[in-house]
>>> print(open('coords_3.cif').read())   # mmCIF, C-alpha atoms
data_my_file
loop_
_atom_site.group_PDB
_atom_site.id
_atom_site.type_symbol
_atom_site.label_atom_id
_atom_site.label_comp_id
_atom_site.auth_asym_id
_atom_site.auth_seq_id
_atom_site.Cartn_x
_atom_site.Cartn_y
_atom_site.Cartn_z
ATOM 1 C CA MET B 1 113.297 120.210 92.066
ATOM 2 C CA ASP B 2 109.852 121.747 91.734
ATOM 3 C CA TYR B 3 107.283 120.901 89.065
ATOM 4 C CA LYS B 4 104.027 122.378 87.854
ATOM 5 C CA LYS B 5 100.973 120.545 89.183
ATOM 6 C CA ILE B 6 98.958 120.697 85.974
ATOM 7 C CA THR B 7 96.320 118.376 87.429
ATOM 8 C CA GLU B 8 95.498 121.028 90.047
ATOM 9 C CA THR B 9 95.358 124.037 87.726
ATOM 10 C CA PRO B 10 91.969 125.751 87.232
ATOM 11 C CA SER B 11 89.613 124.452 84.569
ATOM 12 C CA ASN B 12 89.444 126.209 81.215
ATOM 13 C CA HIS B 13 85.697 126.543 81.823
ATOM 14 C CA GLU B 14 83.932 128.868 84.262
ATOM 15 C CA ASN B 15 80.530 128.876 85.962
ATOM 16 C CA LEU B 16 79.776 125.223 85.298
ATOM 17 C CA GLU B 17 76.606 125.379 87.378
ATOM 18 C CA LEU B 18 75.138 127.954 84.977
ATOM 19 C CA MET B 19 75.505 125.701 81.933
ATOM 20 C CA ASP B 20 72.634 123.635 80.558
ATOM 21 C CA THR B 21 73.120 119.898 80.222
ATOM 22 C CA GLU B 22 74.031 119.863 76.537
ATOM 23 C CA THR B 23 76.639 122.579 77.039
ATOM 24 C CA ILE B 24 78.195 120.674 79.955
ATOM 25 C CA LEU B 25 78.436 117.532 77.837
ATOM 26 C CA LYS B 26 79.864 119.360 74.824
ATOM 27 C CA LYS B 27 82.505 121.038 76.982
ATOM 28 C CA ILE B 28 83.504 117.734 78.609
ATOM 29 C CA ASN B 29 83.781 116.190 75.142
ATOM 30 C CA GLU B 30 85.820 119.181 73.981
ATOM 31 C CA GLU B 31 88.343 118.448 76.722
ATOM 32 C CA ASP B 32 88.271 114.690 76.093
ATOM 33 C CA LYS B 33 89.331 115.227 72.465
ATOM 34 C CA LYS B 34 92.715 116.389 73.743
ATOM 35 C CA VAL B 35 93.472 113.108 75.505
ATOM 36 C CA ALA B 36 94.475 110.875 72.583
ATOM 37 C CA LEU B 37 96.854 113.525 71.267
ATOM 38 C CA ALA B 38 98.537 113.760 74.661
ATOM 39 C CA VAL B 39 98.849 109.968 74.808
ATOM 40 C CA GLU B 40 100.419 109.948 71.336
ATOM 41 C CA GLU B 41 103.335 111.966 72.700
ATOM 42 C CA THR B 42 104.160 109.144 75.133
ATOM 43 C CA ILE B 43 104.533 106.361 72.560
ATOM 44 C CA PRO B 44 108.377 106.363 72.592
ATOM 45 C CA GLN B 45 108.390 105.774 76.363
ATOM 46 C CA VAL B 46 105.602 103.205 76.209
ATOM 47 C CA THR B 47 107.617 101.398 73.527
ATOM 48 C CA LYS B 48 110.604 101.170 75.882
ATOM 49 C CA LEU B 49 108.412 99.738 78.607
ATOM 50 C CA VAL B 50 106.701 97.143 76.409
ATOM 51 C CA ASP B 51 110.027 95.959 74.953
ATOM 52 C CA ALA B 52 111.505 95.637 78.439
ATOM 53 C CA LEU B 53 108.412 93.788 79.668
ATOM 54 C CA ALA B 54 108.427 91.368 76.721
ATOM 55 C CA GLU B 55 112.046 90.465 77.429
ATOM 56 C CA ARG B 56 111.332 89.820 81.100
ATOM 57 C CA PHE B 57 108.075 87.949 80.483
ATOM 58 C CA GLN B 58 109.902 85.432 78.326
ATOM 59 C CA LYS B 59 112.006 84.686 81.414
ATOM 60 C CA GLY B 60 108.967 84.271 83.658
ATOM 61 C CA GLY B 61 108.806 87.868 84.877
ATOM 62 C CA ARG B 62 105.621 89.628 85.948
ATOM 63 C CA LEU B 63 104.043 93.060 85.664
ATOM 64 C CA PHE B 64 102.887 94.851 88.802
ATOM 65 C CA TYR B 65 100.757 98.000 88.806
ATOM 66 C CA ILE B 66 100.678 100.066 92.007
ATOM 67 C CA GLY B 67 98.404 103.040 92.618
ATOM 68 C CA ALA B 68 95.855 104.704 94.876
ATOM 69 C CA GLY B 69 92.253 105.719 94.221
ATOM 70 C CA THR B 70 91.271 105.953 90.544
ATOM 71 C CA SER B 71 94.811 105.173 89.395
ATOM 72 C CA GLY B 72 94.947 102.024 91.521
ATOM 73 C CA ARG B 73 91.545 100.881 90.272
ATOM 74 C CA LEU B 74 92.612 101.364 86.650
ATOM 75 C CA GLY B 75 95.680 99.199 87.223
ATOM 76 C CA ILE B 76 93.529 96.478 88.768
ATOM 77 C CA LEU B 77 91.058 96.736 85.887
ATOM 78 C CA ASP B 78 93.799 96.237 83.314
ATOM 79 C CA ALA B 79 95.340 93.336 85.235
ATOM 80 C CA SER B 80 91.977 91.613 85.692
ATOM 81 C CA GLU B 81 91.346 91.556 81.934
ATOM 82 C CA ILE B 82 94.531 89.663 81.073
ATOM 83 C CA PRO B 83 93.396 86.109 82.010
ATOM 84 C CA PRO B 84 90.028 86.175 80.157
ATOM 85 C CA THR B 85 91.349 88.040 77.123
ATOM 86 C CA PHE B 86 94.710 86.353 76.672
ATOM 87 C CA GLY B 87 94.506 83.162 78.738
ATOM 88 C CA MET B 88 97.409 84.140 80.976
ATOM 89 C CA PRO B 89 97.550 83.091 84.634
ATOM 90 C CA HIS B 90 96.241 85.678 87.096
ATOM 91 C CA GLU B 91 99.635 85.983 88.755
ATOM 92 C CA ARG B 92 101.457 87.308 85.669
ATOM 93 C CA VAL B 93 99.876 90.786 85.719
ATOM 94 C CA ILE B 94 98.913 92.021 89.192
ATOM 95 C CA GLY B 95 97.254 95.260 90.259
ATOM 96 C CA LEU B 96 97.777 96.562 93.792
ATOM 97 C CA ILE B 97 95.859 99.443 95.346
ATOM 98 C CA ALA B 98 96.557 101.476 98.477
ATOM 99 C CA GLY B 99 94.220 100.233 101.181
ATOM 100 C CA GLY B 100 93.904 96.725 99.752
ATOM 101 C CA ASP B 101 91.012 95.134 97.878
ATOM 102 C CA ILE B 102 88.361 96.965 99.925
ATOM 103 C CA ALA B 103 89.637 100.200 98.343
ATOM 104 C CA ILE B 104 88.541 98.999 94.903
ATOM 105 C CA ARG B 105 84.945 99.868 95.831
ATOM 106 C CA LYS B 106 85.305 102.250 98.747
ATOM 107 C CA ALA B 107 87.907 104.892 99.532
ATOM 108 C CA VAL B 108 90.155 103.954 102.460
ATOM 109 C CA GLU B 109 91.120 106.995 104.518
ATOM 110 C CA ASN B 110 94.825 107.932 104.412
ATOM 111 C CA ALA B 111 95.774 104.701 102.595
ATOM 112 C CA GLU B 112 97.669 106.554 99.877
ATOM 113 C CA ASP B 113 99.877 108.236 102.496
ATOM 114 C CA ALA B 114 101.378 104.917 103.669
ATOM 115 C CA THR B 115 104.857 105.261 102.164
ATOM 116 C CA ASN B 116 106.066 101.758 103.055
ATOM 117 C CA GLN B 117 102.898 99.798 102.316
ATOM 118 C CA ALA B 118 103.363 99.272 98.567
ATOM 119 C CA TRP B 119 106.621 97.423 99.128
ATOM 120 C CA VAL B 120 104.975 95.313 101.823
ATOM 121 C CA ASP B 121 102.227 94.491 99.315
ATOM 122 C CA LEU B 122 104.775 93.656 96.598
ATOM 123 C CA GLU B 123 106.803 91.423 98.908
ATOM 124 C CA MET B 124 103.682 89.357 99.583
ATOM 125 C CA HIS B 125 103.991 88.279 95.938
ATOM 126 C CA ASP B 126 107.704 87.418 96.266
ATOM 127 C CA ILE B 127 108.674 90.155 93.821
ATOM 128 C CA ASN B 128 112.115 89.749 92.220
ATOM 129 C CA ASN B 129 114.357 91.367 89.625
ATOM 130 C CA THR B 130 112.721 89.618 86.661
ATOM 131 C CA ASP B 131 109.551 91.599 87.432
ATOM 132 C CA VAL B 132 108.560 95.167 86.501
ATOM 133 C CA VAL B 133 106.735 97.672 88.722
ATOM 134 C CA VAL B 134 104.626 100.415 87.132
ATOM 135 C CA GLY B 135 103.503 103.176 89.467
ATOM 136 C CA ILE B 136 100.350 105.057 88.454
ATOM 137 C CA ALA B 137 99.471 108.453 89.922
ATOM 138 C CA ALA B 138 97.890 111.406 88.160
ATOM 139 C CA SER B 139 99.504 113.811 90.636
ATOM 140 C CA GLY B 140 102.790 111.943 90.524
ATOM 141 C CA SER B 141 103.302 112.537 94.236
ATOM 142 C CA THR B 142 101.310 109.741 95.920
ATOM 143 C CA PRO B 143 103.428 108.458 98.856
ATOM 144 C CA TYR B 144 102.216 104.854 98.418
ATOM 145 C CA VAL B 145 103.498 104.866 94.838
ATOM 146 C CA ILE B 146 106.691 106.806 95.551
ATOM 147 C CA GLY B 147 107.668 104.402 98.328
ATOM 148 C CA GLY B 148 106.962 101.349 96.206
ATOM 149 C CA LEU B 149 109.015 102.608 93.261
ATOM 150 C CA GLU B 150 111.921 103.673 95.438
ATOM 151 C CA GLU B 151 112.136 100.321 97.192
ATOM 152 C CA ALA B 152 111.747 98.423 93.920
ATOM 153 C CA LYS B 153 114.675 100.342 92.456
ATOM 154 C CA ARG B 154 116.782 99.649 95.544
ATOM 155 C CA ASN B 155 116.155 95.972 94.944
ATOM 156 C CA GLY B 156 117.230 96.070 91.305
ATOM 157 C CA ILE B 157 113.724 95.897 89.834
ATOM 158 C CA LEU B 158 112.865 97.811 86.657
ATOM 159 C CA THR B 159 110.383 100.603 87.329
ATOM 160 C CA ALA B 160 108.067 102.741 85.229
ATOM 161 C CA ALA B 161 105.642 105.539 86.103
ATOM 162 C CA ILE B 162 102.445 106.859 84.555
ATOM 163 C CA THR B 163 101.619 110.405 85.625
ATOM 164 C CA ASN B 164 99.804 113.477 84.328
ATOM 165 C CA ASN B 165 102.274 115.962 85.796
ATOM 166 C CA PRO B 166 105.543 116.033 83.825
ATOM 167 C CA GLY B 167 108.521 116.236 86.159
ATOM 168 C CA ALA B 168 106.552 114.854 89.114
ATOM 169 C CA PRO B 169 108.376 112.792 91.780
ATOM 170 C CA ILE B 170 107.371 109.385 90.411
ATOM 171 C CA ALA B 171 108.568 110.411 86.943
ATOM 172 C CA ARG B 172 111.955 111.366 88.387
ATOM 173 C CA ILE B 173 112.236 108.096 90.306
ATOM 174 C CA ALA B 174 111.172 105.682 87.558
ATOM 175 C CA ASP B 175 113.517 104.153 85.009
ATOM 176 C CA ILE B 176 110.854 104.687 82.339
ATOM 177 C CA PRO B 177 108.642 107.739 83.001
ATOM 178 C CA ILE B 178 105.430 108.059 80.989
ATOM 179 C CA GLU B 179 104.214 111.642 81.400
ATOM 180 C CA ILE B 180 100.813 112.429 79.889
ATOM 181 C CA ASN B 181 100.054 116.137 79.849
ATOM 182 C CA VAL B 182 96.296 116.355 79.274
ATOM 183 C CA GLY B 183 96.034 119.858 80.736
ATOM 184 C CA PRO B 184 93.547 121.053 83.375
ATOM 185 C CA GLU B 185 90.468 118.966 84.081
ATOM 186 C CA PHE B 186 86.992 120.179 83.091
ATOM 187 C CA LEU B 187 86.114 119.999 86.787
ATOM 188 C CA THR B 188 89.187 121.454 88.479
ATOM 189 C CA GLY B 189 91.328 118.729 90.066
ATOM 190 C CA SER B 190 88.981 115.850 89.153
ATOM 191 C CA THR B 191 91.630 113.489 87.801
ATOM 192 C CA ARG B 192 89.114 110.677 87.329
ATOM 193 C CA MET B 193 88.250 112.547 84.107
ATOM 194 C CA LYS B 194 90.917 113.305 81.447
ATOM 195 C CA SER B 195 93.807 112.043 83.551
ATOM 196 C CA GLY B 196 92.044 108.763 84.272
ATOM 197 C CA THR B 197 91.018 108.383 80.634
ATOM 198 C CA SER B 198 94.599 108.920 79.498
ATOM 199 C CA GLN B 199 95.890 106.366 81.995
ATOM 200 C CA LYS B 200 93.360 103.803 80.732
ATOM 201 C CA LEU B 201 94.505 104.381 77.149
ATOM 202 C CA VAL B 202 98.158 103.908 78.073
ATOM 203 C CA LEU B 203 97.386 100.777 80.105
ATOM 204 C CA ASN B 204 95.470 99.374 77.109
ATOM 205 C CA MET B 205 98.542 100.000 74.973
ATOM 206 C CA ILE B 206 100.974 98.440 77.443
ATOM 207 C CA SER B 207 99.099 95.202 78.109
ATOM 208 C CA THR B 208 97.792 94.631 74.581
ATOM 209 C CA ALA B 209 101.151 95.281 72.926
ATOM 210 C CA LEU B 210 102.864 93.070 75.505
ATOM 211 C CA MET B 211 100.479 90.180 74.912
ATOM 212 C CA ILE B 212 100.947 90.492 71.149
ATOM 213 C CA ARG B 213 104.740 90.545 71.544
ATOM 214 C CA ILE B 214 104.782 87.358 73.654
ATOM 215 C CA GLY B 215 102.595 85.420 71.227
ATOM 216 C CA ARG B 216 99.162 85.510 72.848
ATOM 217 C CA VAL B 217 97.482 86.885 69.691
ATOM 218 C CA LYS B 218 97.261 85.342 66.206
ATOM 219 C CA GLY B 219 96.570 87.633 63.283
ATOM 220 C CA ASN B 220 94.211 90.067 64.979
ATOM 221 C CA LYS B 221 92.357 87.530 67.109
ATOM 222 C CA MET B 222 92.233 86.602 70.805
ATOM 223 C CA VAL B 223 93.072 82.955 70.165
ATOM 224 C CA ASN B 224 93.985 82.332 73.811
ATOM 225 C CA MET B 225 90.881 83.883 75.373
ATOM 226 C CA GLN B 226 89.069 81.990 78.114
ATOM 227 C CA LEU B 227 85.827 80.481 76.829
ATOM 228 C CA SER B 228 83.880 81.483 79.919
ATOM 229 C CA ASN B 229 80.448 82.208 78.435
ATOM 230 C CA ASP B 230 78.293 81.467 75.384
ATOM 231 C CA LYS B 231 79.260 84.711 73.642
ATOM 232 C CA LEU B 232 82.959 83.893 73.840
ATOM 233 C CA VAL B 233 82.420 80.294 72.755
ATOM 234 C CA ASP B 234 80.510 81.531 69.704
ATOM 235 C CA ARG B 235 83.282 84.048 68.967
ATOM 236 C CA GLY B 236 85.872 81.281 69.211
ATOM 237 C CA ILE B 237 83.910 79.045 66.842
ATOM 238 C CA ARG B 238 83.713 81.846 64.281
ATOM 239 C CA TYR B 239 87.471 82.451 64.561
ATOM 240 C CA ILE B 240 88.045 78.776 63.757
ATOM 241 C CA MET B 241 85.576 78.862 60.856
ATOM 242 C CA GLU B 242 87.404 81.826 59.357
ATOM 243 C CA ASP B 243 90.890 80.397 59.808
ATOM 244 C CA LEU B 244 90.156 76.859 58.629
ATOM 245 C CA GLY B 245 87.325 77.450 56.183
ATOM 246 C CA VAL B 246 85.051 74.927 57.920
ATOM 247 C CA ASP B 247 81.373 75.198 58.816
ATOM 248 C CA TYR B 248 80.000 76.107 62.252
ATOM 249 C CA SER B 249 79.373 72.516 63.301
ATOM 250 C CA GLU B 250 82.904 71.351 62.468
ATOM 251 C CA ALA B 251 84.448 74.376 64.152
ATOM 252 C CA GLU B 252 82.379 73.754 67.259
ATOM 253 C CA LYS B 253 83.530 70.124 67.400
ATOM 254 C CA LEU B 254 87.185 71.196 67.128
ATOM 255 C CA LEU B 255 86.793 73.786 69.849
ATOM 256 C CA LYS B 256 85.090 71.359 72.237
ATOM 257 C CA LYS B 257 87.752 68.753 71.618
ATOM 258 C CA HIS B 258 90.816 70.980 72.022
ATOM 259 C CA GLY B 259 89.556 73.599 74.488
ATOM 260 C CA SER B 260 91.053 76.702 72.890
ATOM 261 C CA VAL B 261 90.933 78.478 69.552
ATOM 262 C CA LYS B 262 94.698 78.235 69.140
ATOM 263 C CA LEU B 263 94.850 74.484 69.725
ATOM 264 C CA ALA B 264 91.772 73.862 67.597
ATOM 265 C CA VAL B 265 93.250 75.752 64.645
ATOM 266 C CA GLU B 266 96.601 73.994 65.011
ATOM 267 C CA ALA B 267 94.865 70.599 65.071
ATOM 268 C CA GLY B 268 92.657 71.489 62.104
ATOM 269 C CA ARG B 269 95.713 72.286 59.992
ATOM 270 C CA GLU B 270 97.460 68.994 60.655
#
>>> encode(input="coords_3.cif", output="structure tokens")
Amino acid sequence: MDYKKITETPSNHENLELMDTETILKKINEEDKKVALAVEETIPQVTKLVDALAERFQKGGRLFYIGAGTSGRLGILDASEIPPTFGMPHERVIGLIAGGDIAIRKAVENAEDATNQAWVDLEMHDINNTDVVVGIAASGSTPYVIGGLEEAKRNGILTAAITNNPGAPIARIADIPIEINVGPEFLTGSTRMKSGTSQKLVLNMISTALMIRIGRVKGNKMVNMQLSNDKLVDRGIRYIMEDLGVDYSEAEKLLKKHGSVKLAVEAGRE
């Protein structure tokens, strides 16, 4: 089954080198405006994924992102934000990139072509059928991701895919395909642009909605965030002040005593 490689189609804009700076920026912004609308079309599929994740997380399951290049880095970025933002252990949401951690900063030659490596990487974390694997690839044809999804499915693990080419191989493999058609890139084939932006938006939706569903948010506040710097401590104190109607000093005492906004608020209401 063939599919149209939208991510490789020519840009809607010609002669970029002849444009002045303001025109370049306006044209990039013109293309970027299309991204949120494309993401909106994927909400039904993202809903399926979040609901499935919430069910598995309550049983101790984990979320794995696998990808190469920009897509892999975006998965790692999303995973790395979960502990500080929601107070979850690092091992509950894990991002894996073709080529290993060195590839986060520097491209590793031919790493994405290693069809069997993603499963090797997943097995190092003792992956099991309570977990979920989400493959991310703008092209939808990255061998590292394809191999990982195929092997995960063979082992009875729920799979999802995020791609910018509808009908791409990873979309056909995954149980829950999320296909974001953002159209051609401003710079032909440069999927770090609209495609990458769309992936980041979807990842934001997945992880934030999941954390809300499993009780890591109260009202609209990050009550389980790690208090790792003065800014976050001050934010936590102000959350407590608002919830309990106490002054700054009292809120600070509660936070220092109980160590988290959630526990401080619960204690203050007793």
>>> residues_around(input="coords_3.cif", residues="stretch 150-153 of chain B", least_positions_apart="5", cutoff="8 Å", atoms="all atoms listed in the file", output="PyMOL selection string")
chain B and resi 119+133+158-159+173
>>> write_last_selection(input="coords_3.cif", atoms="C-alpha atoms", output="PDB file, keeping the file's coordinate frame")
ATOM      1  CA  TRP B 119     106.621  97.423  99.128  1.00  0.00           C
ATOM      2  CA  VAL B 133     106.735  97.672  88.722  1.00  0.00           C
ATOM      3  CA  LEU B 158     112.865  97.811  86.657  1.00  0.00           C
ATOM      4  CA  THR B 159     110.383 100.603  87.329  1.00  0.00           C
ATOM      5  CA  ILE B 173     112.236 108.096  90.306  1.00  0.00           C
TER       6      ILE B 173
END
>>> closest_residue(input="coords_3.cif", among="B:Asn128, B:Ser228, B:Ser260, B:Ser207", to="B:Pro84", atoms="all atoms listed in the file")
B:Ser228
>>> resolve_selection(input="coords_3.cif", expression="the PyMOL selection byres ((chain B and resi 67-75) around 10)", output="NGL selection string")
:B and (64-66 or 76-80 or 93-101 or 103-108 or 111-113 or 118 or 134-139 or 142-146 or 148 or 162-163 or 191-193 or 195-197 or 199-200 or 203)
>>> atom_distance(input="coords_3.cif", atom1="atom CA of B:Asn155", atom2="atom CA of B:Ile127")
9.5 Å
>>> closest_residue(input="coords_3.cif", among="B:Glu31, B:Glu123, B:Asp234, B:Glu81", to="B:Met211", atoms="all atoms listed in the file")
B:Glu81
>>> build_atoms(input="coords_3.cif", residues="stretch 34-60 of chain B", atoms="N, CA and C atoms", output="CSV table (one decimal), in the coordinates of the input")
chain,number,residue,atom,x,y,z
B,34,LYS,N,91.3,116.1,73.6
B,34,LYS,CA,92.7,116.4,73.7
B,34,LYS,C,93.5,115.2,74.3
B,35,VAL,N,92.8,114.2,74.8
B,35,VAL,CA,93.5,113.1,75.5
B,35,VAL,C,94.3,112.2,74.6
B,36,ALA,N,93.7,111.8,73.5
B,36,ALA,CA,94.5,110.9,72.6
B,36,ALA,C,95.7,111.5,72.0
B,37,LEU,N,95.7,112.8,71.8
B,37,LEU,CA,96.9,113.5,71.3
B,37,LEU,C,98.0,113.6,72.3
B,38,ALA,N,97.6,113.8,73.6
B,38,ALA,CA,98.5,113.8,74.7
B,38,ALA,C,99.2,112.4,74.8
B,39,VAL,N,98.3,111.3,74.7
B,39,VAL,CA,98.8,110.0,74.8
B,39,VAL,C,99.8,109.7,73.7
B,40,GLU,N,99.5,110.2,72.5
B,40,GLU,CA,100.4,109.9,71.3
B,40,GLU,C,101.9,110.4,71.6
B,41,GLU,N,102.0,111.4,72.4
B,41,GLU,CA,103.3,112.0,72.7
B,41,GLU,C,104.1,111.0,73.6
B,42,THR,N,103.5,110.1,74.2
B,42,THR,CA,104.2,109.1,75.1
B,42,THR,C,104.6,107.8,74.5
B,43,ILE,N,104.3,107.7,73.2
B,43,ILE,CA,104.5,106.4,72.6
B,43,ILE,C,106.0,105.9,72.6
B,44,PRO,N,107.0,106.8,72.5
B,44,PRO,CA,108.4,106.4,72.6
B,44,PRO,C,108.7,105.7,74.0
B,45,GLN,N,108.1,106.3,75.0
B,45,GLN,CA,108.4,105.8,76.4
B,45,GLN,C,107.6,104.5,76.6
B,46,VAL,N,106.4,104.4,76.1
B,46,VAL,CA,105.6,103.2,76.2
B,46,VAL,C,106.3,102.1,75.4
B,47,THR,N,106.9,102.4,74.3
B,47,THR,CA,107.6,101.4,73.5
B,47,THR,C,108.8,100.8,74.4
B,48,LYS,N,109.5,101.7,75.0
B,48,LYS,CA,110.6,101.2,75.9
B,48,LYS,C,110.1,100.2,76.9
B,49,LEU,N,109.0,100.6,77.5
B,49,LEU,CA,108.4,99.7,78.6
B,49,LEU,C,108.0,98.4,78.1
B,50,VAL,N,107.2,98.4,77.0
B,50,VAL,CA,106.7,97.1,76.4
B,50,VAL,C,107.9,96.2,76.0
B,51,ASP,N,108.9,96.8,75.4
B,51,ASP,CA,110.0,96.0,75.0
B,51,ASP,C,110.7,95.3,76.2
B,52,ALA,N,110.9,96.1,77.2
B,52,ALA,CA,111.5,95.6,78.4
B,52,ALA,C,110.6,94.6,79.1
B,53,LEU,N,109.3,94.8,79.1
B,53,LEU,CA,108.4,93.8,79.7
B,53,LEU,C,108.4,92.5,78.9
B,54,ALA,N,108.4,92.6,77.6
B,54,ALA,CA,108.4,91.4,76.7
B,54,ALA,C,109.7,90.5,77.0
B,55,GLU,N,110.8,91.2,77.1
B,55,GLU,CA,112.0,90.5,77.4
B,55,GLU,C,112.0,89.7,78.8
B,56,ARG,N,111.4,90.4,79.8
B,56,ARG,CA,111.3,89.8,81.1
B,56,ARG,C,110.3,88.7,81.2
B,57,PHE,N,109.1,88.9,80.5
B,57,PHE,CA,108.1,87.9,80.5
B,57,PHE,C,108.5,86.6,79.9
B,58,GLN,N,109.4,86.7,78.9
B,58,GLN,CA,109.9,85.4,78.3
B,58,GLN,C,110.7,84.7,79.3
B,59,LYS,N,111.2,85.3,80.4
B,59,LYS,CA,112.0,84.7,81.4
B,59,LYS,C,111.2,84.4,82.7
B,60,GLY,N,109.9,84.6,82.5
B,60,GLY,CA,109.0,84.3,83.7
B,60,GLY,C,108.6,85.5,84.5
